[in-house]
file query-v4.csv (CSV, N, CA and C atoms)
chain,number,residue,atom,x,y,z
A,30,MET,N,-35.5,14.2,-17.0
A,30,MET,CA,-34.3,14.9,-16.6
A,30,MET,C,-33.7,14.2,-15.3
A,31,ALA,N,-34.5,13.4,-14.6
A,31,ALA,CA,-33.9,12.8,-13.4
A,31,ALA,C,-32.9,11.7,-13.8
A,32,ASP,N,-33.1,11.0,-14.9
A,32,ASP,CA,-32.2,9.9,-15.3
A,32,ASP,C,-30.8,10.5,-15.5
A,33,PRO,N,-30.6,11.5,-16.4
A,33,PRO,CA,-29.3,12.1,-16.5
A,33,PRO,C,-28.7,12.6,-15.2
A,34,GLN,N,-29.5,13.1,-14.4
A,34,GLN,CA,-29.1,13.6,-13.1
A,34,GLN,C,-28.5,12.5,-12.3
A,35,LYS,N,-29.2,11.3,-12.3
A,35,LYS,CA,-28.7,10.2,-11.6
A,35,LYS,C,-27.4,9.7,-12.1
A,36,GLN,N,-27.3,9.7,-13.5
A,36,GLN,CA,-26.0,9.2,-14.1
A,36,GLN,C,-24.9,10.2,-13.8
A,37,LEU,N,-25.2,11.5,-13.8
A,37,LEU,CA,-24.1,12.4,-13.4
A,37,LEU,C,-23.7,12.3,-11.9
A,38,GLN,N,-24.7,12.0,-11.1
A,38,GLN,CA,-24.4,11.8,-9.7
A,38,GLN,C,-23.5,10.5,-9.5
A,39,ALA,N,-23.8,9.5,-10.2
A,39,ALA,CA,-23.0,8.2,-10.2
A,39,ALA,C,-21.6,8.5,-10.6
A,40,LEU,N,-21.4,9.2,-11.7
A,40,LEU,CA,-20.1,9.5,-12.2
A,40,LEU,C,-19.3,10.4,-11.2
A,41,SER,N,-20.0,11.3,-10.6
A,41,SER,CA,-19.4,12.2,-9.6
A,41,SER,C,-19.0,11.4,-8.3
A,42,ASP,N,-19.8,10.4,-8.0
A,42,ASP,CA,-19.5,9.6,-6.8
A,42,ASP,C,-18.3,8.7,-7.1
A,43,GLU,N,-18.2,8.2,-8.3
A,43,GLU,CA,-17.0,7.4,-8.7
A,43,GLU,C,-15.8,8.2,-8.7
A,44,PHE,N,-15.9,9.4,-9.2
A,44,PHE,CA,-14.7,10.4,-9.2
A,44,PHE,C,-14.3,10.7,-7.8
A,45,GLN,N,-15.3,10.9,-6.9
A,45,GLN,CA,-15.0,11.3,-5.5
A,45,GLN,C,-14.3,10.1,-4.8
A,46,ALA,N,-14.7,8.9,-5.1
A,46,ALA,CA,-14.1,7.7,-4.5
A,46,ALA,C,-12.6,7.6,-5.0
A,47,LEU,N,-12.4,7.9,-6.3
A,47,LEU,CA,-11.0,7.8,-6.8
A,47,LEU,C,-10.1,8.9,-6.1
A,48,GLN,N,-10.7,10.1,-5.8
A,48,GLN,CA,-10.0,11.1,-5.1
A,48,GLN,C,-9.6,10.7,-3.7
A,49,THR,N,-10.6,10.1,-3.0
A,49,THR,CA,-10.4,9.6,-1.7
A,49,THR,C,-9.3,8.6,-1.6
A,50,GLU,N,-9.3,7.7,-2.6
A,50,GLU,CA,-8.3,6.7,-2.7
A,50,GLU,C,-6.9,7.3,-2.9
A,51,LEU,N,-6.9,8.3,-3.8
A,51,LEU,CA,-5.6,9.0,-4.1
A,51,LEU,C,-5.1,9.7,-2.8
A,52,ASP,N,-5.9,10.3,-2.0
A,52,ASP,CA,-5.5,10.9,-0.8
A,52,ASP,C,-4.8,9.9,0.1
A,53,GLY,N,-5.4,8.7,0.2
A,53,GLY,CA,-4.8,7.7,1.1
A,53,GLY,C,-3.5,7.2,0.6
A,54,LEU,N,-3.4,7.1,-0.8
A,54,LEU,CA,-2.1,6.7,-1.3
A,54,LEU,C,-1.0,7.7,-1.1
A,55,VAL,N,-1.3,9.0,-1.3
A,55,VAL,CA,-0.4,10.1,-1.1
A,55,VAL,C,0.1,10.1,0.4
A,56,GLU,N,-0.9,9.9,1.3
A,56,GLU,CA,-0.5,9.8,2.7
A,56,GLU,C,0.4,8.7,3.0
A,57,ALA,N,0.1,7.5,2.4
A,57,ALA,CA,1.0,6.4,2.6
A,57,ALA,C,2.4,6.6,2.1
A,58,ARG,N,2.5,7.3,0.9
A,58,ARG,CA,3.8,7.6,0.4
A,58,ARG,C,4.6,8.6,1.3
A,59,GLN,N,3.9,9.6,1.8
A,59,GLN,CA,4.5,10.5,2.7
A,59,GLN,C,5.1,9.8,3.9
A,60,LYS,N,4.3,8.9,4.5
A,60,LYS,CA,4.7,8.1,5.7
A,60,LYS,C,6.0,7.3,5.3
A,61,LEU,N,6.0,6.7,4.2
A,61,LEU,CA,7.1,5.9,3.8
A,61,LEU,C,8.4,6.7,3.6
A,62,GLU,N,8.2,7.9,3.0
A,62,GLU,CA,9.3,8.8,2.7
A,62,GLU,C,9.9,9.3,4.1
A,63,SER,N,9.0,9.5,5.0
A,63,SER,CA,9.5,9.9,6.4
A,63,SER,C,10.3,8.8,7.0
A,64,GLN,N,9.8,7.6,6.9
A,64,GLN,CA,10.6,6.4,7.4
A,64,GLN,C,11.9,6.3,6.7
A,65,GLN,N,11.9,6.5,5.4
A,65,GLN,CA,13.1,6.4,4.6
A,65,GLN,C,14.1,7.5,5.1
A,66,GLN,N,13.7,8.7,5.3
A,66,GLN,CA,14.6,9.7,5.8
A,66,GLN,C,15.2,9.3,7.2
A,67,GLU,N,14.4,8.8,8.1
A,67,GLU,CA,14.8,8.4,9.4
A,67,GLU,C,15.9,7.3,9.2
A,68,ASN,N,15.6,6.3,8.4
A,68,ASN,CA,16.6,5.2,8.2
A,68,ASN,C,17.9,5.7,7.5
A,69,LYS,N,17.8,6.7,6.6
A,69,LYS,CA,19.0,7.2,6.0
A,69,LYS,C,19.8,8.0,7.1
A,70,SER,N,19.2,8.6,8.0
A,70,SER,CA,19.9,9.3,9.1
A,70,SER,C,20.6,8.3,9.9
A,71,VAL,N,19.9,7.2,10.2
A,71,VAL,CA,20.6,6.1,11.0
A,71,VAL,C,21.7,5.6,10.3
A,72,GLN,N,21.6,5.3,9.0
A,72,GLN,CA,22.6,4.7,8.2
A,72,GLN,C,23.8,5.7,8.2
A,73,LYS,N,23.6,7.0,8.0
A,73,LYS,CA,24.7,8.0,8.0
A,73,LYS,C,25.4,8.0,9.4
A,74,GLU,N,24.6,7.9,10.4
A,74,GLU,CA,25.2,7.8,11.8
A,74,GLU,C,26.1,6.6,12.0
A,75,PHE,N,25.6,5.5,11.5
A,75,PHE,CA,26.4,4.2,11.6
A,75,PHE,C,27.7,4.3,10.9
A,76,THR,N,27.8,5.0,9.7
A,76,THR,CA,29.0,5.1,9.0
A,76,THR,C,30.1,5.9,9.7
A,77,SER,N,29.6,6.8,10.6
A,77,SER,CA,30.5,7.7,11.4
A,77,SER,C,31.0,7.0,12.6
A,78,LEU,N,30.4,5.8,13.0
A,78,LEU,CA,30.8,5.1,14.2
A,78,LEU,C,32.0,4.2,14.0
A,79,ASP,N,32.8,4.0,15.1
A,79,ASP,CA,33.9,3.1,15.0
A,79,ASP,C,33.3,1.7,14.9
A,80,ASP,N,34.1,0.7,14.5
A,80,ASP,CA,33.6,-0.7,14.3
A,80,ASP,C,33.3,-1.3,15.7
A,81,ASP,N,34.0,-0.8,16.7
A,81,ASP,CA,33.8,-1.4,18.1
A,81,ASP,C,32.8,-0.6,18.9
A,82,ALA,N,32.1,0.3,18.3
A,82,ALA,CA,31.1,1.2,19.0
A,82,ALA,C,29.9,0.3,19.5
A,83,ASN,N,29.4,0.7,20.6
A,83,ASN,CA,28.2,0.0,21.2
A,83,ASN,C,27.0,0.5,20.5
A,84,ILE,N,26.2,-0.4,20.0
A,84,ILE,CA,24.9,-0.1,19.3
A,84,ILE,C,23.9,-1.0,20.0
A,85,TYR,N,22.7,-0.3,20.4
A,85,TYR,CA,21.7,-1.0,21.1
A,85,TYR,C,20.4,-0.8,20.2
A,86,LYS,N,19.6,-1.9,20.3
A,86,LYS,CA,18.4,-2.0,19.6
A,86,LYS,C,17.2,-2.1,20.6
A,87,LEU,N,16.2,-1.2,20.4
A,87,LEU,CA,15.1,-1.2,21.3
A,87,LEU,C,14.1,-2.4,20.9
A,88,VAL,N,13.9,-3.3,21.7
A,88,VAL,CA,13.0,-4.4,21.5
A,88,VAL,C,12.0,-4.4,22.7
A,89,GLY,N,10.8,-3.9,22.4
A,89,GLY,CA,9.8,-3.8,23.4
A,89,GLY,C,10.4,-2.7,24.4
A,90,PRO,N,10.4,-3.1,25.7
A,90,PRO,CA,10.9,-2.1,26.7
A,90,PRO,C,12.4,-2.3,27.0
A,91,VAL,N,13.0,-3.2,26.3
A,91,VAL,CA,14.4,-3.5,26.6
A,91,VAL,C,15.4,-3.1,25.5
A,92,LEU,N,16.6,-2.6,25.9
A,92,LEU,CA,17.6,-2.3,24.9
A,92,LEU,C,18.6,-3.5,24.8
A,93,LEU,N,18.7,-4.0,23.6
A,93,LEU,CA,19.6,-5.2,23.4
A,93,LEU,C,20.9,-4.7,22.6
A,94,LYS,N,22.0,-5.2,23.1
A,94,LYS,CA,23.3,-4.8,22.4
A,94,LYS,C,23.3,-5.6,21.0
A,95,GLN,N,23.7,-4.8,20.0
A,95,GLN,CA,23.7,-5.4,18.7
A,95,GLN,C,25.0,-5.1,18.0
A,96,ASP,N,25.5,-6.0,17.2
A,96,ASP,CA,26.7,-5.9,16.4
A,96,ASP,C,26.5,-4.8,15.3
A,97,LYS,N,27.6,-4.0,15.0
A,97,LYS,CA,27.4,-3.0,14.1
A,97,LYS,C,27.1,-3.5,12.7
A,98,SER,N,27.7,-4.6,12.2
A,98,SER,CA,27.4,-5.1,10.9
A,98,SER,C,26.0,-5.6,10.8
A,99,GLU,N,25.5,-6.2,11.9
A,99,GLU,CA,24.1,-6.7,12.0
A,99,GLU,C,23.1,-5.5,11.9
A,100,ALA,N,23.4,-4.5,12.6
A,100,ALA,CA,22.6,-3.3,12.7
A,100,ALA,C,22.6,-2.6,11.3
A,101,MET,N,23.8,-2.6,10.6
A,101,MET,CA,23.8,-2.0,9.3
A,101,MET,C,23.0,-2.8,8.3
A,102,MET,N,23.1,-4.1,8.4
A,102,MET,CA,22.3,-5.0,7.5
A,102,MET,C,20.8,-4.7,7.7
A,103,SER,N,20.4,-4.6,8.9
A,103,SER,CA,19.0,-4.4,9.3
A,103,SER,C,18.5,-3.1,8.7
A,104,VAL,N,19.3,-2.0,8.8
A,104,VAL,CA,18.9,-0.7,8.3
A,104,VAL,C,18.9,-0.7,6.8
A,105,ASN,N,19.9,-1.3,6.2
A,105,ASN,CA,20.0,-1.4,4.7
A,105,ASN,C,18.8,-2.2,4.2
A,106,GLY,N,18.4,-3.3,4.9
A,106,GLY,CA,17.2,-4.1,4.5
A,106,GLY,C,16.0,-3.3,4.5
A,107,ARG,N,15.8,-2.5,5.6
A,107,ARG,CA,14.6,-1.6,5.7
A,107,ARG,C,14.6,-0.6,4.6
A,108,LEU,N,15.8,0.0,4.3
A,108,LEU,CA,15.8,1.0,3.2
A,108,LEU,C,15.4,0.4,1.9
A,109,GLU,N,15.9,-0.8,1.6
A,109,GLU,CA,15.5,-1.5,0.3
A,109,GLU,C,14.0,-1.8,0.3
A,110,PHE,N,13.4,-2.3,1.4
A,110,PHE,CA,12.0,-2.5,1.5
A,110,PHE,C,11.2,-1.2,1.3
A,111,ILE,N,11.6,-0.2,1.9
A,111,ILE,CA,10.9,1.1,1.8
A,111,ILE,C,11.0,1.6,0.4
A,112,GLU,N,12.1,1.5,-0.2
A,112,GLU,CA,12.3,2.0,-1.6
A,112,GLU,C,11.3,1.2,-2.5
A,113,LYS,N,11.2,-0.1,-2.4
A,113,LYS,CA,10.3,-0.9,-3.2
A,113,LYS,C,8.8,-0.5,-2.9
A,114,GLU,N,8.5,-0.3,-1.7
A,114,GLU,CA,7.1,0.1,-1.3
A,114,GLU,C,6.8,1.5,-1.9
A,115,VAL,N,7.8,2.4,-1.9
A,115,VAL,CA,7.5,3.8,-2.5
A,115,VAL,C,7.3,3.6,-4.0
A,116,GLN,N,8.1,2.8,-4.6
A,116,GLN,CA,7.9,2.6,-6.1
A,116,GLN,C,6.5,2.0,-6.4
A,117,ARG,N,6.1,1.0,-5.5
A,117,ARG,CA,4.8,0.4,-5.7
A,117,ARG,C,3.7,1.4,-5.5
A,118,ILE,N,3.8,2.2,-4.5
A,118,ILE,CA,2.7,3.2,-4.2
A,118,ILE,C,2.7,4.2,-5.3
A,119,GLU,N,3.8,4.6,-5.8
A,119,GLU,CA,3.8,5.6,-6.8
A,119,GLU,C,3.2,5.1,-8.1
A,120,GLY,N,3.4,3.8,-8.3
A,120,GLY,CA,2.7,3.2,-9.5
A,120,GLY,C,1.2,3.2,-9.3
A,121,GLN,N,0.7,2.9,-8.1
A,121,GLN,CA,-0.7,3.0,-7.8
A,121,GLN,C,-1.2,4.4,-7.9
A,122,ILE,N,-0.4,5.4,-7.4
A,122,ILE,CA,-0.8,6.8,-7.6
A,122,ILE,C,-1.0,7.2,-9.0
A,123,GLN,N,0.0,6.8,-9.9
A,123,GLN,CA,-0.1,7.1,-11.3
A,123,GLN,C,-1.4,6.5,-11.9
A,124,GLU,N,-1.6,5.2,-11.6
A,124,GLU,CA,-2.8,4.5,-12.1
A,124,GLU,C,-4.1,5.2,-11.6
A,125,ASN,N,-4.1,5.6,-10.4
A,125,ASN,CA,-5.3,6.3,-9.9
A,125,ASN,C,-5.5,7.6,-10.5
A,126,GLN,N,-4.4,8.4,-10.8
A,126,GLN,CA,-4.5,9.7,-11.5
A,126,GLN,C,-5.0,9.5,-12.9
A,127,ASP,N,-4.6,8.4,-13.6
A,127,ASP,CA,-5.0,8.2,-14.9
A,127,ASP,C,-6.5,7.9,-14.9
A,128,LYS,N,-7.0,7.1,-13.9
A,128,LYS,CA,-8.4,6.7,-13.8
A,128,LYS,C,-9.2,8.0,-13.5
A,129,SER,N,-8.7,8.9,-12.7
A,129,SER,CA,-9.4,10.1,-12.3
A,129,SER,C,-9.5,11.0,-13.5
A,130,ASP,N,-8.4,11.1,-14.3
A,130,ASP,CA,-8.5,12.0,-15.5
A,130,ASP,C,-9.5,11.5,-16.5
A,131,LYS,N,-9.6,10.1,-16.7
A,131,LYS,CA,-10.6,9.6,-17.6
A,131,LYS,C,-12.0,9.8,-17.1
A,132,LYS,N,-12.2,9.7,-15.7
A,132,LYS,CA,-13.5,9.9,-15.2
A,132,LYS,C,-13.9,11.4,-15.3
A,133,ARG,N,-12.9,12.3,-15.1
A,133,ARG,CA,-13.2,13.7,-15.2
A,133,ARG,C,-13.6,14.0,-16.6
A,134,THR,N,-12.9,13.5,-17.6
A,134,THR,CA,-13.2,13.7,-19.0
A,134,THR,C,-14.6,13.2,-19.3
A,135,GLU,N,-14.9,12.0,-18.8
A,135,GLU,CA,-16.3,11.4,-18.9
A,135,GLU,C,-17.4,12.3,-18.4
A,136,ILE,N,-17.1,12.9,-17.2
A,136,ILE,CA,-18.1,13.8,-16.6
A,136,ILE,C,-18.3,15.0,-17.4
A,137,VAL,N,-17.2,15.6,-17.9
A,137,VAL,CA,-17.3,16.8,-18.7
A,137,VAL,C,-18.1,16.5,-20.0
A,138,GLN,N,-17.8,15.4,-20.7
A,138,GLN,CA,-18.5,15.0,-21.9
A,138,GLN,C,-20.0,14.8,-21.6
A,139,PHE,N,-20.3,14.1,-20.5
A,139,PHE,CA,-21.7,13.8,-20.2
A,139,PHE,C,-22.4,15.1,-20.0
A,140,GLN,N,-21.8,16.1,-19.2
A,140,GLN,CA,-22.4,17.3,-18.9
A,140,GLN,C,-22.7,18.1,-20.2
A,141,SER,N,-21.7,18.1,-21.2
A,141,SER,CA,-22.0,18.8,-22.4
A,141,SER,C,-23.0,18.2,-23.2
A,142,GLN,N,-23.2,16.8,-23.2
A,142,GLN,CA,-24.2,16.1,-23.9
A,142,GLN,C,-25.6,16.5,-23.3
A,143,VAL,N,-25.7,16.6,-22.0
A,143,VAL,CA,-26.9,16.9,-21.4
A,143,VAL,C,-27.3,18.4,-21.7
A,144,GLN,N,-26.3,19.3,-21.7
A,144,GLN,CA,-26.6,20.7,-22.1
A,144,GLN,C,-27.0,20.8,-23.5
A,145,GLN,N,-26.4,20.0,-24.4
A,145,GLN,CA,-26.8,20.1,-25.8
A,145,GLN,C,-28.2,19.6,-26.0
A,146,ALA,N,-28.5,18.5,-25.3
A,146,ALA,CA,-29.9,17.9,-25.4
A,146,ALA,C,-30.9,18.9,-24.8
A,147,ALA,N,-30.6,19.6,-23.7
A,147,ALA,CA,-31.5,20.6,-23.2
A,147,ALA,C,-31.7,21.8,-24.1
A,148,ALA,N,-30.6,22.2,-24.8
A,148,ALA,CA,-30.7,23.3,-25.7
A,148,ALA,C,-31.5,22.9,-26.9
A,149,ALA,N,-31.3,21.7,-27.4
A,149,ALA,CA,-32.0,21.2,-28.6
A,149,ALA,C,-33.5,21.1,-28.3
A,150,SER,N,-33.9,20.7,-27.0
A,150,SER,CA,-35.3,20.5,-26.7
A,150,SER,C,-36.0,21.9,-26.4
A,151,ALA,N,-35.2,22.9,-26.1
A,151,ALA,CA,-35.7,24.2,-25.7
A,151,ALA,C,-35.9,25.1,-26.9

call {"tool": "encode", "arguments": {"input": "query-v4.csv", "output": "C-alpha coordinates"}}
result
Amino acid sequence: MADPQKQLQALSDEFQALQTELDGLVEARQKLESQQQENKSVQKEFTSLDDDANIYKLVGPVLLKQDKSEAMMSVNGRLEFIEKEVQRIEGQIQENQDKSDKKRTEIVQFQSQVQQAAAASA
(Lines of atoms letter the chains of each structure in order from A and count residues from 1; the text may use other names and numbers.)
(Lines give C-alpha, C1' and ligand atoms only; values in the text may rest on other atoms or scores of the structure.)
Protein backbone atom coordinates (compact mmCIF):
# COMPACT_ATOMS: atom_id res chain seq x y z
CA MET A 1 0.00 0.00 0.00
CA ALA A 2 3.03 2.28 0.39
CA ASP A 3 3.66 2.41 -3.37
CA PRO A 4 0.19 3.79 -4.27
CA GLN A 5 0.55 6.21 -1.37
CA LYS A 6 3.84 7.47 -2.82
CA GLN A 7 2.29 7.80 -6.28
CA LEU A 8 -0.62 9.74 -4.85
CA GLN A 9 1.77 12.00 -2.92
CA ALA A 10 3.78 12.64 -6.11
CA LEU A 11 0.62 13.56 -8.02
CA SER A 12 -0.47 15.83 -5.18
CA ASP A 13 2.93 17.53 -5.12
CA GLU A 14 2.76 18.15 -8.88
CA PHE A 15 -0.74 19.59 -8.50
CA GLN A 16 0.40 21.82 -5.64
CA ALA A 17 3.33 23.10 -7.74
CA LEU A 18 0.91 23.99 -10.53
CA GLN A 19 -1.30 25.87 -8.07
CA THR A 20 1.68 27.81 -6.71
CA GLU A 21 2.71 28.73 -10.24
CA LEU A 22 -0.86 29.83 -10.97
CA ASP A 23 -0.85 32.07 -7.90
CA GLY A 24 2.31 33.76 -9.16
CA LEU A 25 0.85 34.27 -12.63
CA VAL A 26 -2.36 35.78 -11.25
CA GLU A 27 -0.32 38.11 -9.06
CA ALA A 28 1.75 39.19 -12.07
CA ARG A 29 -1.41 39.87 -14.09
CA GLN A 30 -2.86 41.97 -11.28
CA LYS A 31 0.33 44.01 -11.09
CA LEU A 32 0.24 44.59 -14.87
CA GLU A 33 -3.42 45.59 -14.74
CA SER A 34 -2.63 48.09 -11.99
CA GLN A 35 0.16 49.58 -14.12
CA GLN A 36 -2.20 49.67 -17.08
CA GLN A 37 -4.77 51.64 -15.08
CA GLU A 38 -2.12 54.11 -13.94
CA ASN A 39 -0.91 54.66 -17.49
CA LYS A 40 -4.47 55.07 -18.79
CA SER A 41 -5.02 57.74 -16.14
CA VAL A 42 -1.86 59.52 -17.28
CA GLN A 43 -2.94 59.22 -20.91
CA LYS A 44 -6.34 60.69 -20.06
CA GLU A 45 -4.68 63.53 -18.17
CA PHE A 46 -2.40 64.27 -21.15
CA THR A 47 -5.38 64.61 -23.51
CA SER A 48 -6.87 67.30 -21.30
CA LEU A 49 -3.64 69.36 -21.29
CA ASP A 50 -2.85 72.18 -23.69
CA ASP A 51 -0.15 71.50 -26.27
CA ASP A 52 2.15 74.05 -24.61
CA ALA A 53 1.64 72.69 -21.07
CA ASN A 54 4.73 71.90 -19.03
CA ILE A 55 5.28 68.17 -18.52
CA TYR A 56 8.04 66.81 -16.32
CA LYS A 57 9.43 63.31 -16.15
CA LEU A 58 10.99 61.95 -12.98
CA VAL A 59 14.43 60.50 -13.76
CA GLY A 60 16.08 59.36 -10.58
CA PRO A 61 15.95 62.30 -8.14
CA VAL A 62 15.57 64.88 -10.95
CA LEU A 63 12.52 66.23 -12.81
CA LEU A 64 13.28 66.77 -16.50
CA LYS A 65 11.08 68.86 -18.78
CA GLN A 66 9.56 66.77 -21.56
CA ASP A 67 7.67 67.59 -24.75
CA LYS A 68 3.99 66.63 -24.68
CA SER A 69 4.20 64.53 -27.86
CA GLU A 70 7.26 62.70 -26.52
CA ALA A 71 5.48 62.03 -23.22
CA MET A 72 2.36 60.80 -25.05
CA MET A 73 4.45 58.44 -27.19
CA SER A 74 6.14 57.11 -24.09
CA VAL A 75 2.84 56.42 -22.31
CA ASN A 76 1.30 54.87 -25.44
CA GLY A 77 4.35 52.63 -25.81
CA ARG A 78 4.07 51.50 -22.21
CA LEU A 79 0.37 50.76 -22.67
CA GLU A 80 1.07 48.64 -25.77
CA PHE A 81 3.80 46.73 -23.93
CA ILE A 82 1.58 46.15 -20.89
CA GLU A 83 -1.29 44.93 -23.10
CA LYS A 84 1.00 42.39 -24.79
CA GLU A 85 2.31 41.23 -21.42
CA VAL A 86 -1.24 40.83 -20.06
CA GLN A 87 -2.16 38.71 -23.08
CA ARG A 88 0.99 36.59 -22.66
CA ILE A 89 0.33 36.06 -18.93
CA GLU A 90 -3.32 35.19 -19.58
CA GLY A 91 -2.16 32.57 -22.08
CA GLN A 92 0.13 31.12 -19.43
CA ILE A 93 -2.71 31.18 -16.88
CA GLN A 94 -5.00 29.30 -19.26
CA GLU A 95 -2.27 26.74 -19.98
CA ASN A 96 -1.62 26.31 -16.26
CA GLN A 97 -5.33 25.87 -15.52
CA ASP A 98 -5.59 23.22 -18.23
CA LYS A 99 -2.62 21.34 -16.73
CA SER A 100 -4.15 21.66 -13.24
CA ASP A 101 -7.49 20.28 -14.44
CA LYS A 102 -5.75 17.30 -16.07
CA LYS A 103 -3.71 16.65 -12.94
CA ARG A 104 -6.83 16.90 -10.73
CA THR A 105 -8.61 14.37 -12.98
CA GLU A 106 -5.55 12.10 -12.84
CA ILE A 107 -5.57 12.26 -9.02
CA VAL A 108 -9.28 11.45 -8.80
CA GLN A 109 -8.93 8.51 -11.20
CA PHE A 110 -5.93 7.20 -9.28
CA GLN A 111 -7.79 7.46 -5.96
CA SER A 112 -10.78 5.58 -7.35
CA GLN A 113 -8.47 2.84 -8.73
CA VAL A 114 -6.82 2.48 -5.33
CA GLN A 115 -10.21 2.32 -3.60
CA GLN A 116 -11.48 -0.30 -6.08
CA ALA A 117 -8.33 -2.38 -5.58
CA ALA A 118 -8.71 -2.11 -1.79
CA ALA A 119 -12.39 -3.11 -2.02
CA ALA A 120 -11.56 -6.05 -4.29
CA SER A 121 -8.85 -7.33 -1.94
CA ALA A 122 -11.09 -6.99 1.10

call {"tool": "atom_distance", "arguments": {"input": "query-v4.csv", "atom1": "atom CA of A:Lys132", "atom2": "atom CA of A:Lys60"}}
result
27.8 Å

call {"tool": "atom_distance", "arguments": {"input": "query-v4.csv", "atom1": "atom N of A:Asp79", "atom2": "atom CA of A:Glu67"}}
result
19.4 Å

call {"tool": "closest_residue", "arguments": {"input": "query-v4.csv", "among": "A:Glu109, A:Val91, A:Glu99, A:Ile118", "to": "A:Arg58", "atoms": "all atoms listed in the file"}}
result
A:Ile118

call {"tool": "closest_residue", "arguments": {"input": "query-v4.csv", "among": "A:Val71, A:Ile122, A:Leu108, A:Leu40", "to": "A:Leu54", "atoms": "only N, CA and C atoms"}}
result
A:Ile122

call {"tool": "select_by_dssp", "arguments": {"input": "query-v4.csv", "residues": "chain A", "states": "strand (DSSP E)", "output": "NGL selection string"}}
result
:A and (84-88 or 91-95)

call {"tool": "atom_distance", "arguments": {"input": "query-v4.csv", "atom1": "atom CA of A:Lys113", "atom2": "atom N of A:Lys128"}}
result
21.9 Å

call {"tool": "residues_around", "arguments": {"input": "query-v4.csv", "residues": "A:Gln123", "least_positions_apart": "6", "cutoff": "12 Å", "atoms": "only C-alpha atoms", "output": "MDAnalysis selection string"}}
result
chainID A and resid 47 50:51 54:55 116:117 129:130
